[in-house]
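Asker: First the structure, then my questions, so here it is.
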Amino acid sequence: MKKFILTLTVAAAFQSFSAQEITLDKIYSGYYRGKGIAGITSMKNGENYLVIEPTGIAKYSYKTSQKEGNIVDGQFESYEFSDDESKILLLKESEPIYRHSFLGKFDVKDLKSGKVISLNDGKNVQEPRFSPDATKVAFISENNLYYQDLNSGKITQITEHGVKNKILNGLADWVYEEEFGHARLYEWTKNSDAIVFVKLDETEVPEIYIPIYGKSLYPKEMRYKYPKAGEKNSVVSAHIYQLNDGKKTKVNLENFKNYYIPNVVQTAKPDEIVLITSERVQNASDVLKVNTKTGEVKKLFTETDEKWIDTDSPTLEFLEDNSFLWGSERDGHRHLYWYDKDGKLKKQVTKGDWEVTDYYGFNPKSKEIYVQTTEKGSINKVVSKINIENGKAQLISNGEGNNSANFSKNYNYFIETSSTAAKPYTYILKDGNGKVVKELQNNNDQLQKLKADNFVEKEFITIPNEAGDQMNAWVMKPKNFDKNKKYPLFMFQYSGPGSQQVANSWDNGNTLWFNHLVQKGYIVACVDGRGTGYKGAKFKKVTYMNLGKYEIEDQIAAAKWFGNQSYIDKTRIGMFGWSFGGYMTSLAMTKGADVFKAGIAVAPVTNWRYYDTVYTERFMRTPQENPDGYDKNSPTKYANLLKGKFLMIHGTADDNVHFQNSMEFSEALIQNKKQFDFMAYPDKNHGIFGGQTRPQLYQKMTDFILENL
């Protein structure tokens with residue numbers, strides 16, 4: 001379960017409104033919409049960058065920041081260069097499948113000759129990727145792996161027997177895609193001689209079926225393989241395909257961890273691929289180097305943890321000499337470690353009471369790596385460069401807020417995207433030392449509109465829990481806040497492992513809705529308790545084997561702390577959450593029934609037995625191993641405790657957190673003679689959007705709060 005980002009999707013039409021109030025109509029009309037820069041990519045020369053514009057893929061100069069024309073004209077959703085920049089892969093249209101996967105129609109344009117080839121004869125493909133020598137593109141069609149020669153146009157089929165809900169070649173199944181964070185499970189070797197791919201056999205994986213109502217006389221069915229906690233997963237294997245003779249060889253992983261193969265990584269050397277693998281219990285990962293000529297497998301090292309490894313977000317980056325950087329929490333915080341080409345540790349590169357949150361690259365000339373970190377506090381993210389040999393570091397971004405970077409290939413420039421909770425996104429061109437060259441774009445107009453309508457900024461504080469931790473929190477108070485008055489409190493949270501809601505960054509989504517509620521006289525607050533991220537492994541992993549237990553204890557403790565403040569009416573405290581946050585709200589309204597008066601749970605997990613293997617077992621192990629961890633932290637077990645007003649909301653076609661969760665909890669509440677409100681959204685998935693769905697949803701939630709809190 002990835003953190004579900006709540007965004008208020010807006011319509012395109014612009015309307016004129018009177019000032020002084022942030023309303024749902026304004027939010028959904030696009031009145032407050034911000035601006036961004038899409039598809040920033042540095043060209044190989046390090047002197048130009050590209051962005052996606054309505055008229056095509058535009059080329060700009062770093063030095064002058066001026067547009068130098070389009071390299072391709074037309075409208076495209078995304079693009080990707082070949083390594084030598086002689087060709088460009090253009091996504092013309094797409095159709096989503098799950099969270100990351102989609103079917104797409106692609107063109108390949110030769111930038112020298114101007115020749116355009118439609119990939120796969122213009123038919124839909126998935127996960128296309130240039131060969132490093134730019135002569136071919138591999139892709140997946142109907143669960144089989146192919147490649148197309150860009151000179152002759154010839155298409156070669158690499159695998160056979162790919163069948164929906166049975167065999168997938170080079171492509172993730174539902175749970176791999178959702179929990180390991182990507183759909184592509186194949187990679188070219190550096191010399192373009194071979195492709196290593198993962199085959200998934202999901203024949204024995206239990207199937208979920210979801211009715212799709214639409215306007216048909218009889219509902220249709222959506223069927224796909226979904227391994228719930230403790231059930232069978234796909235049987236996976238790795239294979240080498242040699243282009244010169246078409247030979248396929250299975251990689252022998254018998255002597256290594258081989259239950260999951262979530263990552264296939266290209267190294268800096270020819271005839272090599274690295275696989276990251278793990279057993280079902282995700283507390284150790286093997287990093288394996290595969291010789292694609294001989295099939296020999298060598299273990300570089302094994303990463304271990306007494307609780308779990310974040311198998312969904314590994315950092316593995318090979319440098320020019322084939323040494324590599326690896327991200328690990330082994331010292332209690334996520335830092336980078338430098339290994340030689342044979343897997344021997346050279347040194348720990350970063351160290352401190354903070355986390356490395358992103359890796360941008362390595363400059364071989366200066367021996368510097370470029371990273372995003374929390375070194376300026378856990379609610380901030382900043383960009384630094386660090387000399388890999390002597391450890392000398394330099395902050396090159398703003399020192400507060402959320403800052404990310406897109407670097408030129410020579411690291412002489414970068415485009416900084418920055419925001420704070422009080423300031424929308426700004427795009428600034430800087431030199432390699434962080435000196436401002438030019439502001440490319442800001443969102444001052446957006447901020448001015450919000451301020452004219454009495455936008456309320458977040459106040460950051462810390463709140464103690466019963467374990468003695470100081471939990472990060474933010475609070476939003478009415479403009480005319482009077483400390484002598486008592487206000488109802490509306491709490492929002494997500495609380496999932498490693499997540500963060502209390503961040504000094506701009507939010508174009510729920511913060512606008514929260515402002516609407518603040519203007520109705522509510523105080524809105526959010527608290528990141530135990531289990532959340534960026535405060536070290538101990539704080540994050542204390543929830544191991546007991547998902548939900550400490551998280552809800554911290555939310556209850558936070559609500560009680562607020563209730564003891566002179567300005568909060570402790571009899572009027574409510575909670576809202578989506579997905580994991582919906583699970584937490586369900587626990588708040590049962591285990592915390594004496595504290596919370598009202599709650600809204602959207603798409604909640606109500607029993608971890610109903611959620612998928614990879615995510616759930618990472619934190620809980622299997623139900624067979626840990627039955628108490630599953631059952632004692634299910635809100636269904638505490639349905640008899642419900643006292644307050646409770647609204648549960650779910651999309652009937654939620655492929656992620658199945659509608660079954662809300663049905664089971666509803667039945668438990670019914671059998672305990674508890675009254676509650678329920679809203680089902682026909683054929684809507686985990687995001688519950690489309691057409692007028694979001695405006696209707698947020699109006700319904702607003703009305704519920706106004707009536708019951």
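For the structure tokens, the naming scheme is as follows: chains receive sequential letters (A, B, ...) according to their order of presentation, residues are indexed from 1 within each chain, and ligands are indexed from 1 in presentation order.
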For Asn661 (chain A), find every residue with an atom within 7 Å (counting only C-alpha atoms), except residues of its own chain fewer than 4 positions away, and show them as a compact mmCIF listing (two decimals) with N, CA, C and O atoms, in the first residue's frame.

Answerer:
```txt
# COMPACT_ATOMS: atom_id res chain seq x y z
N PRO A 604 -11.15 2.26 3.77
CA PRO A 604 -10.32 1.75 4.86
C PRO A 604 -9.99 0.27 4.75
O PRO A 604 -10.82 -0.53 4.31
N VAL A 605 -8.78 -0.09 5.13
CA VAL A 605 -8.49 -1.48 5.48
C VAL A 605 -9.16 -1.72 6.83
O VAL A 605 -9.05 -0.90 7.74
N THR A 606 -9.89 -2.81 6.96
CA THR A 606 -10.51 -3.11 8.25
C THR A 606 -10.00 -4.41 8.85
O THR A 606 -10.28 -4.72 10.01
N ASN A 607 -9.25 -5.18 8.07
CA ASN A 607 -8.56 -6.36 8.59
C ASN A 607 -7.40 -6.63 7.66
O ASN A 607 -7.59 -6.79 6.45
N TYR A 610 -7.15 -9.06 4.71
CA TYR A 610 -7.73 -8.79 3.40
C TYR A 610 -6.79 -8.00 2.50
O TYR A 610 -7.13 -7.72 1.34
N PHE A 665 -16.69 -4.73 7.92
CA PHE A 665 -16.82 -3.83 9.07
C PHE A 665 -18.28 -3.41 9.24
O PHE A 665 -18.79 -3.33 10.36
```

Asker: Run DSSP on the backbone and tell me which residues of region 438-516 of chain A come out as helix (DSSP H, G or I); list them as a PyMOL selection string.

Answerer: chain A and resi 444-452+510-516

Asker: Output N, CA and C atoms for every residue in that selection, as a PDB file, in the first residue's frame.

Answerer:
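Writing the result to out_24.pdb gives the following:
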```
ATOM      1  N   ASN A 444       2.940  32.915  -7.556  1.00  0.00           N
ATOM      2  CA  ASN A 444       2.495  34.061  -6.758  1.00  0.00           C
ATOM      3  C   ASN A 444       1.026  34.397  -6.990  1.00  0.00           C
ATOM      4  N   ASP A 445       0.562  34.215  -8.228  1.00  0.00           N
ATOM      5  CA  ASP A 445      -0.849  34.492  -8.518  1.00  0.00           C
ATOM      6  C   ASP A 445      -1.760  33.563  -7.719  1.00  0.00           C
ATOM      7  N   GLN A 446      -1.378  32.299  -7.666  1.00  0.00           N
ATOM      8  CA  GLN A 446      -2.156  31.336  -6.891  1.00  0.00           C
ATOM      9  C   GLN A 446      -2.211  31.746  -5.422  1.00  0.00           C
ATOM     10  N   LEU A 447      -1.049  32.123  -4.877  1.00  0.00           N
ATOM     11  CA  LEU A 447      -0.985  32.500  -3.468  1.00  0.00           C
ATOM     12  C   LEU A 447      -1.786  33.770  -3.198  1.00  0.00           C
ATOM     13  N   GLN A 448      -1.720  34.723  -4.107  1.00  0.00           N
ATOM     14  CA  GLN A 448      -2.470  35.968  -3.926  1.00  0.00           C
ATOM     15  C   GLN A 448      -3.972  35.713  -3.891  1.00  0.00           C
ATOM     16  N   LYS A 449      -4.457  34.834  -4.752  1.00  0.00           N
ATOM     17  CA  LYS A 449      -5.878  34.486  -4.732  1.00  0.00           C
ATOM     18  C   LYS A 449      -6.264  33.846  -3.405  1.00  0.00           C
ATOM     19  N   LEU A 450      -5.411  32.948  -2.921  1.00  0.00           N
ATOM     20  CA  LEU A 450      -5.704  32.273  -1.662  1.00  0.00           C
ATOM     21  C   LEU A 450      -5.675  33.244  -0.486  1.00  0.00           C
ATOM     22  N   LYS A 451      -4.679  34.120  -0.481  1.00  0.00           N
ATOM     23  CA  LYS A 451      -4.594  35.085   0.611  1.00  0.00           C
ATOM     24  C   LYS A 451      -5.776  36.057   0.596  1.00  0.00           C
ATOM     25  N   ALA A 452      -6.217  36.408  -0.598  1.00  0.00           N
ATOM     26  CA  ALA A 452      -7.381  37.288  -0.702  1.00  0.00           C
ATOM     27  C   ALA A 452      -8.625  36.623  -0.132  1.00  0.00           C
ATOM     28  N   ASN A 510      -5.722  18.537  -0.075  1.00  0.00           N
ATOM     29  CA  ASN A 510      -6.610  18.655   1.084  1.00  0.00           C
ATOM     30  C   ASN A 510      -6.438  19.942   1.872  1.00  0.00           C
ATOM     31  N   THR A 511      -5.278  20.572   1.773  1.00  0.00           N
ATOM     32  CA  THR A 511      -5.091  21.813   2.526  1.00  0.00           C
ATOM     33  C   THR A 511      -6.109  22.870   2.107  1.00  0.00           C
ATOM     34  N   LEU A 512      -6.515  22.866   0.842  1.00  0.00           N
ATOM     35  CA  LEU A 512      -7.537  23.812   0.404  1.00  0.00           C
ATOM     36  C   LEU A 512      -8.871  23.493   1.075  1.00  0.00           C
ATOM     37  N   TRP A 513      -9.206  22.216   1.146  1.00  0.00           N
ATOM     38  CA  TRP A 513     -10.440  21.806   1.833  1.00  0.00           C
ATOM     39  C   TRP A 513     -10.365  22.128   3.320  1.00  0.00           C
ATOM     40  N   PHE A 514      -9.203  21.878   3.910  1.00  0.00           N
ATOM     41  CA  PHE A 514      -9.057  22.184   5.342  1.00  0.00           C
ATOM     42  C   PHE A 514      -9.255  23.677   5.601  1.00  0.00           C
ATOM     43  N   ASN A 515      -8.779  24.517   4.678  1.00  0.00           N
ATOM     44  CA  ASN A 515      -9.022  25.954   4.813  1.00  0.00           C
ATOM     45  C   ASN A 515     -10.517  26.259   4.791  1.00  0.00           C
ATOM     46  N   HIS A 516     -11.227  25.574   3.928  1.00  0.00           N
ATOM     47  CA  HIS A 516     -12.687  25.739   3.867  1.00  0.00           C
ATOM     48  C   HIS A 516     -13.309  25.417   5.229  1.00  0.00           C
TER      49      HIS A 516
END
```

Asker: Which of these residues is nearest to Lys520 (chain A), using only C-alpha atoms: A:Tyr550, A:Phe490, A:Tyr337, A:Tyr213?

Answerer: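 Checking each of A:Tyr550, A:Phe490, A:Tyr337, A:Tyr213 against Lys520 (chain A), counting only C-alpha atoms, the winner is A:Phe490.
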
Asker: Could you give me, as a list of chain:residue names, the residues within 9 Å of Ser397 (chain A), counting only C-alpha atoms and dropping anything in the same chain fewer than 5 positions from it?

Answerer: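 Once the nearby chain positions are removed, what remains is A:Val382, A:Val383, A:Ser384, A:Asn403, A:Ser404, A:Ala405, A:Glu416, A:Ser418, A:Lys430, A:Asn433, A:Gly434, A:Lys435.
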
Asker: Near Thr41 (chain A), within 9 Å and counting only C-alpha atoms, which residues show up once chain neighbours fewer than 2 positions away are dropped, as a ChimeraX atom specification?

Answerer: /A:39,43,48-51,80,406-408

Asker: Can you work out which one of A:Lys381, A:Lys438, A:Lys541, A:Arg618 has the shortest atom-to-atom distance to Asp358 (chain A), counting only C-alpha atoms?

Answerer: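 The answer is A:Lys381, which sits nearest to Asp358 (chain A).
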
Asker: Might you pull out every residue within 7 Å of Lys44 (chain A), with only C-alpha atoms counted and same-chain residues fewer than 2 positions away left off, and present them as a ChimeraX atom specification?

Answerer: /A:42,46,409

Asker: For the residues in the current selection, export all heavy atoms as a compact mmCIF listing (two decimals), in the first residue's frame.

Answerer:
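Saved the output as selection.txt:
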```
# COMPACT_ATOMS: atom_id res chain seq x y z
N SER A 42 17.70 16.99 -18.63
CA SER A 42 18.93 17.57 -19.17
C SER A 42 19.37 16.82 -20.41
O SER A 42 19.27 15.59 -20.49
CB SER A 42 20.05 17.52 -18.13
OG SER A 42 21.28 17.91 -18.70
N GLY A 46 24.84 18.91 -21.30
CA GLY A 46 24.81 19.64 -20.03
C GLY A 46 24.52 21.12 -20.17
O GLY A 46 24.50 21.85 -19.18
N LYS A 409 23.52 17.35 -17.04
CA LYS A 409 24.36 16.15 -17.11
C LYS A 409 25.79 16.42 -16.61
O LYS A 409 26.46 15.51 -16.12
CB LYS A 409 24.41 15.63 -18.55
CG LYS A 409 23.09 15.08 -19.06
CD LYS A 409 22.67 13.82 -18.35
CE LYS A 409 21.42 13.23 -19.00
NZ LYS A 409 20.92 12.04 -18.29
```

Asker: What is the CA of Phe539 (chain A)-CA of Ser499 (chain A) distance in Å, reported with one decimal?

Answerer: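 Rounded to one decimal, the two atoms are 11.8 Å apart.
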
Asker: Tell me, which residues of region 357-475 of chain A carry DSSP strand (DSSP E), written as a PyMOL selection string?

Answerer: chain A and resi 357-363+368-373+382-387+393-395+402-407+413-420+423-431+436-441+459-464+470-475

Asker: Could you take the residues named above and write them with C-alpha atoms, as a PDB file, in the first residue's frame?

Answerer:
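Saved to result-v3.pdb:
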```
ATOM      1  CA  THR A 357      15.569  10.807   0.913  1.00  0.00           C
ATOM      2  CA  ASP A 358      16.668  10.904  -2.733  1.00  0.00           C
ATOM      3  CA  TYR A 359      19.789  10.387  -4.850  1.00  0.00           C
ATOM      4  CA  TYR A 360      20.366  12.541  -7.950  1.00  0.00           C
ATOM      5  CA  GLY A 361      23.727  11.507  -9.323  1.00  0.00           C
ATOM      6  CA  PHE A 362      27.530  11.492  -9.179  1.00  0.00           C
ATOM      7  CA  ASN A 363      29.940  13.948 -10.768  1.00  0.00           C
ATOM      8  CA  GLU A 368      30.634  14.617  -5.538  1.00  0.00           C
ATOM      9  CA  ILE A 369      27.276  12.954  -5.107  1.00  0.00           C
ATOM     10  CA  TYR A 370      24.061  14.966  -5.115  1.00  0.00           C
ATOM     11  CA  VAL A 371      21.350  14.032  -2.643  1.00  0.00           C
ATOM     12  CA  GLN A 372      18.149  15.196  -0.997  1.00  0.00           C
ATOM     13  CA  THR A 373      18.161  14.900   2.799  1.00  0.00           C
ATOM     14  CA  VAL A 382      17.035  19.987   1.190  1.00  0.00           C
ATOM     15  CA  VAL A 383      19.600  19.333  -1.548  1.00  0.00           C
ATOM     16  CA  SER A 384      23.332  18.929  -0.874  1.00  0.00           C
ATOM     17  CA  LYS A 385      26.463  17.848  -2.678  1.00  0.00           C
ATOM     18  CA  ILE A 386      28.906  15.629  -0.813  1.00  0.00           C
ATOM     19  CA  ASN A 387      32.467  14.674  -1.769  1.00  0.00           C
ATOM     20  CA  ALA A 393      29.314  18.645   2.144  1.00  0.00           C
ATOM     21  CA  GLN A 394      27.649  21.793   0.840  1.00  0.00           C
ATOM     22  CA  LEU A 395      23.990  22.765   1.012  1.00  0.00           C
ATOM     23  CA  ASN A 402      10.592  20.875   0.395  1.00  0.00           C
ATOM     24  CA  ASN A 403      13.345  21.213  -2.210  1.00  0.00           C
ATOM     25  CA  SER A 404      14.125  18.862  -5.072  1.00  0.00           C
ATOM     26  CA  ALA A 405      16.542  19.161  -7.966  1.00  0.00           C
ATOM     27  CA  ASN A 406      16.912  18.256 -11.610  1.00  0.00           C
ATOM     28  CA  PHE A 407      20.589  18.466 -12.591  1.00  0.00           C
ATOM     29  CA  TYR A 413      23.316  23.693 -13.300  1.00  0.00           C
ATOM     30  CA  PHE A 414      20.144  22.434 -11.713  1.00  0.00           C
ATOM     31  CA  ILE A 415      16.504  23.406 -11.645  1.00  0.00           C
ATOM     32  CA  GLU A 416      15.288  23.596  -8.075  1.00  0.00           C
ATOM     33  CA  THR A 417      11.628  22.942  -7.350  1.00  0.00           C
ATOM     34  CA  SER A 418      10.873  24.370  -3.927  1.00  0.00           C
ATOM     35  CA  SER A 419       7.900  25.062  -1.710  1.00  0.00           C
ATOM     36  CA  THR A 420       6.939  25.490   1.910  1.00  0.00           C
ATOM     37  CA  LYS A 423       4.472  29.176  -0.354  1.00  0.00           C
ATOM     38  CA  PRO A 424       3.477  27.290  -3.533  1.00  0.00           C
ATOM     39  CA  TYR A 425       5.976  25.755  -5.928  1.00  0.00           C
ATOM     40  CA  THR A 426       8.756  27.901  -7.342  1.00  0.00           C
ATOM     41  CA  TYR A 427      11.095  26.755 -10.133  1.00  0.00           C
ATOM     42  CA  ILE A 428      14.566  28.305  -9.961  1.00  0.00           C
ATOM     43  CA  LEU A 429      17.563  27.772 -12.240  1.00  0.00           C
ATOM     44  CA  LYS A 430      20.767  27.612 -10.183  1.00  0.00           C
ATOM     45  CA  ASP A 431      24.407  26.927 -10.873  1.00  0.00           C
ATOM     46  CA  VAL A 436      20.496  31.645  -8.369  1.00  0.00           C
ATOM     47  CA  VAL A 437      20.706  32.160 -12.132  1.00  0.00           C
ATOM     48  CA  LYS A 438      17.055  32.922 -12.764  1.00  0.00           C
ATOM     49  CA  GLU A 439      13.609  32.250 -11.383  1.00  0.00           C
ATOM     50  CA  LEU A 440      11.847  30.295 -14.132  1.00  0.00           C
ATOM     51  CA  GLN A 441       8.361  30.217 -12.689  1.00  0.00           C
ATOM     52  CA  GLU A 459       1.648  26.185  12.388  1.00  0.00           C
ATOM     53  CA  PHE A 460       4.220  23.470  13.117  1.00  0.00           C
ATOM     54  CA  ILE A 461       4.495  22.127  16.656  1.00  0.00           C
ATOM     55  CA  THR A 462       5.475  18.917  18.436  1.00  0.00           C
ATOM     56  CA  ILE A 463       3.230  16.836  20.691  1.00  0.00           C
ATOM     57  CA  PRO A 464       4.343  14.202  23.234  1.00  0.00           C
ATOM     58  CA  GLN A 470       7.927  14.282  20.389  1.00  0.00           C
ATOM     59  CA  MET A 471       5.595  13.828  17.416  1.00  0.00           C
ATOM     60  CA  ASN A 472       5.598  16.283  14.519  1.00  0.00           C
ATOM     61  CA  ALA A 473       2.291  18.082  14.044  1.00  0.00           C
ATOM     62  CA  TRP A 474       0.699  20.991  12.243  1.00  0.00           C
ATOM     63  CA  VAL A 475      -2.303  23.063  13.253  1.00  0.00           C
TER      64      VAL A 475
END
```

Asker: Using only C-alpha atoms, I'd like a table of the residues in region 259-287 of chain A that come within 10 Å of region 339-356 of chain A; for each, show the closest atom pair and its distance in Å rounded to one decimal, ordered by chain and ascending number, as CSV.

Answerer:
```
residue,atom,partner,partner_atom,distance
A:Thr267,CA,A:Lys341,CA,9.7
A:Ala268,CA,A:Lys341,CA,9.8
A:Lys269,CA,A:Lys341,CA,10.0
A:Val287,CA,A:Gly343,CA,8.7
```

Asker: Selected residues, C-alpha atoms, written as a PDB file, in the first residue's frame, please.

Answerer:
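Everything below was put into selection_38.pdb:
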```pdb
ATOM      1  CA  THR A 267      25.506  -2.049 -14.220  1.00  0.00           C
ATOM      2  CA  ALA A 268      28.216   0.102 -15.789  1.00  0.00           C
ATOM      3  CA  LYS A 269      29.909  -2.878 -17.443  1.00  0.00           C
ATOM      4  CA  VAL A 287      22.316  -8.195  -4.230  1.00  0.00           C
TER       5      VAL A 287
END
```

Asker: Distance CA of Ile552 (chain A)-CA of His335 (chain A), one decimal place?

Answerer: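 Computed distance, CA of Ile552 (chain A) to CA of His335 (chain A), equals 29.0 Å.
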
Asker: Just the residues within 8 Å of region 156-170 of chain A, please, counting only C-alpha atoms, with nothing from its chain fewer than 4 positions along; format it as number ranges by chain.

Answerer: A: 140, 142-148, 184-186, 197-203, 224-225, 241, 246

Asker: Can you list, as an mmCIF file with C-alpha atoms, in the first residue's frame, every protein, DNA or RNA residue that comes within 12 Å of region 634-640 of chain A when you count only C-alpha atoms, leaving out same-chain residues fewer than 6 positions away?

Answerer:
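As written to disk, selection08.cif reads:
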```
data_model
loop_
_atom_site.group_PDB
_atom_site.id
_atom_site.type_symbol
_atom_site.label_atom_id
_atom_site.label_comp_id
_atom_site.auth_asym_id
_atom_site.auth_seq_id
_atom_site.Cartn_x
_atom_site.Cartn_y
_atom_site.Cartn_z
ATOM 1 C CA ASN A 546 1.551 -4.871 15.496
ATOM 2 C CA LEU A 547 0.474 -2.599 12.637
ATOM 3 C CA GLY A 548 -2.116 -0.169 13.974
ATOM 4 C CA LYS A 549 -1.513 -0.620 17.696
ATOM 5 C CA ILE A 552 -3.784 4.631 17.082
ATOM 6 C CA GLY A 582 -9.304 5.238 6.901
ATOM 7 C CA TYR A 583 -8.139 2.222 8.878
ATOM 8 C CA MET A 584 -6.868 4.548 11.584
ATOM 9 C CA THR A 585 -10.131 6.507 11.650
ATOM 10 C CA SER A 586 -12.045 3.238 12.048
ATOM 11 C CA LEU A 587 -9.854 2.388 15.050
ATOM 12 C CA ALA A 588 -10.272 5.910 16.426
ATOM 13 C CA MET A 589 -14.055 5.589 16.385
ATOM 14 C CA THR A 590 -13.914 2.231 18.171
ATOM 15 C CA LYS A 591 -10.821 1.942 20.378
ATOM 16 C CA GLY A 592 -10.897 5.723 20.812
ATOM 17 C CA ALA A 593 -14.678 6.026 21.110
ATOM 18 C CA ALA A 601 -13.078 6.622 6.976
ATOM 19 C CA PRO A 604 -10.320 1.753 4.860
ATOM 20 C CA VAL A 605 -8.490 -1.479 5.485
ATOM 21 C CA THR A 606 -10.510 -3.107 8.255
ATOM 22 C CA ASN A 607 -8.562 -6.356 8.594
ATOM 23 C CA TRP A 608 -5.007 -6.851 7.356
ATOM 24 C CA ARG A 609 -5.960 -10.415 6.370
ATOM 25 C CA TYR A 610 -7.729 -8.786 3.398
ATOM 26 C CA PRO A 627 -2.567 -14.168 14.111
ATOM 27 C CA ASP A 628 -2.811 -11.853 17.127
ATOM 28 C CA PHE A 646 -19.309 7.500 11.740
ATOM 29 C CA ASN A 661 -13.120 -4.435 3.889
ATOM 30 C CA SER A 662 -15.983 -1.981 4.358
ATOM 31 C CA MET A 663 -18.579 -4.712 3.929
ATOM 32 C CA GLU A 664 -17.062 -6.804 6.708
ATOM 33 C CA PHE A 665 -16.818 -3.835 9.066
ATOM 34 C CA SER A 666 -20.373 -2.817 8.187
ATOM 35 C CA GLU A 667 -21.643 -6.278 9.061
ATOM 36 C CA ALA A 668 -19.824 -6.192 12.397
ATOM 37 C CA LEU A 669 -21.344 -2.798 13.190
ATOM 38 C CA ILE A 670 -24.808 -4.008 12.141
ATOM 39 C CA GLN A 671 -24.601 -7.110 14.303
ATOM 40 C CA ASN A 672 -23.671 -4.886 17.231
ATOM 41 C CA LYS A 673 -26.718 -2.714 16.471
ATOM 42 C CA LYS A 674 -24.558 0.317 15.745
ATOM 43 C CA GLN A 675 -25.867 3.109 13.569
ATOM 44 C CA PHE A 676 -23.522 4.610 10.984
#
```

Asker: Select, from A:Ile57, A:Ala603, A:Leu150, A:Val251, the residue with the minimum atom-to-atom distance to Lys136 (chain A), counting only C-alpha atoms.

Answerer: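 Using only C-alpha atoms, Lys136 (chain A) sits closest to A:Leu150.
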
Asker: Could you please determine the separation between CA of Ser61 (chain A) and CA of Glu47 (chain A) in Å, to one decimal place?

Answerer: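 Going from CA of Ser61 (chain A) over to CA of Glu47 (chain A), I get 6.1 Å.
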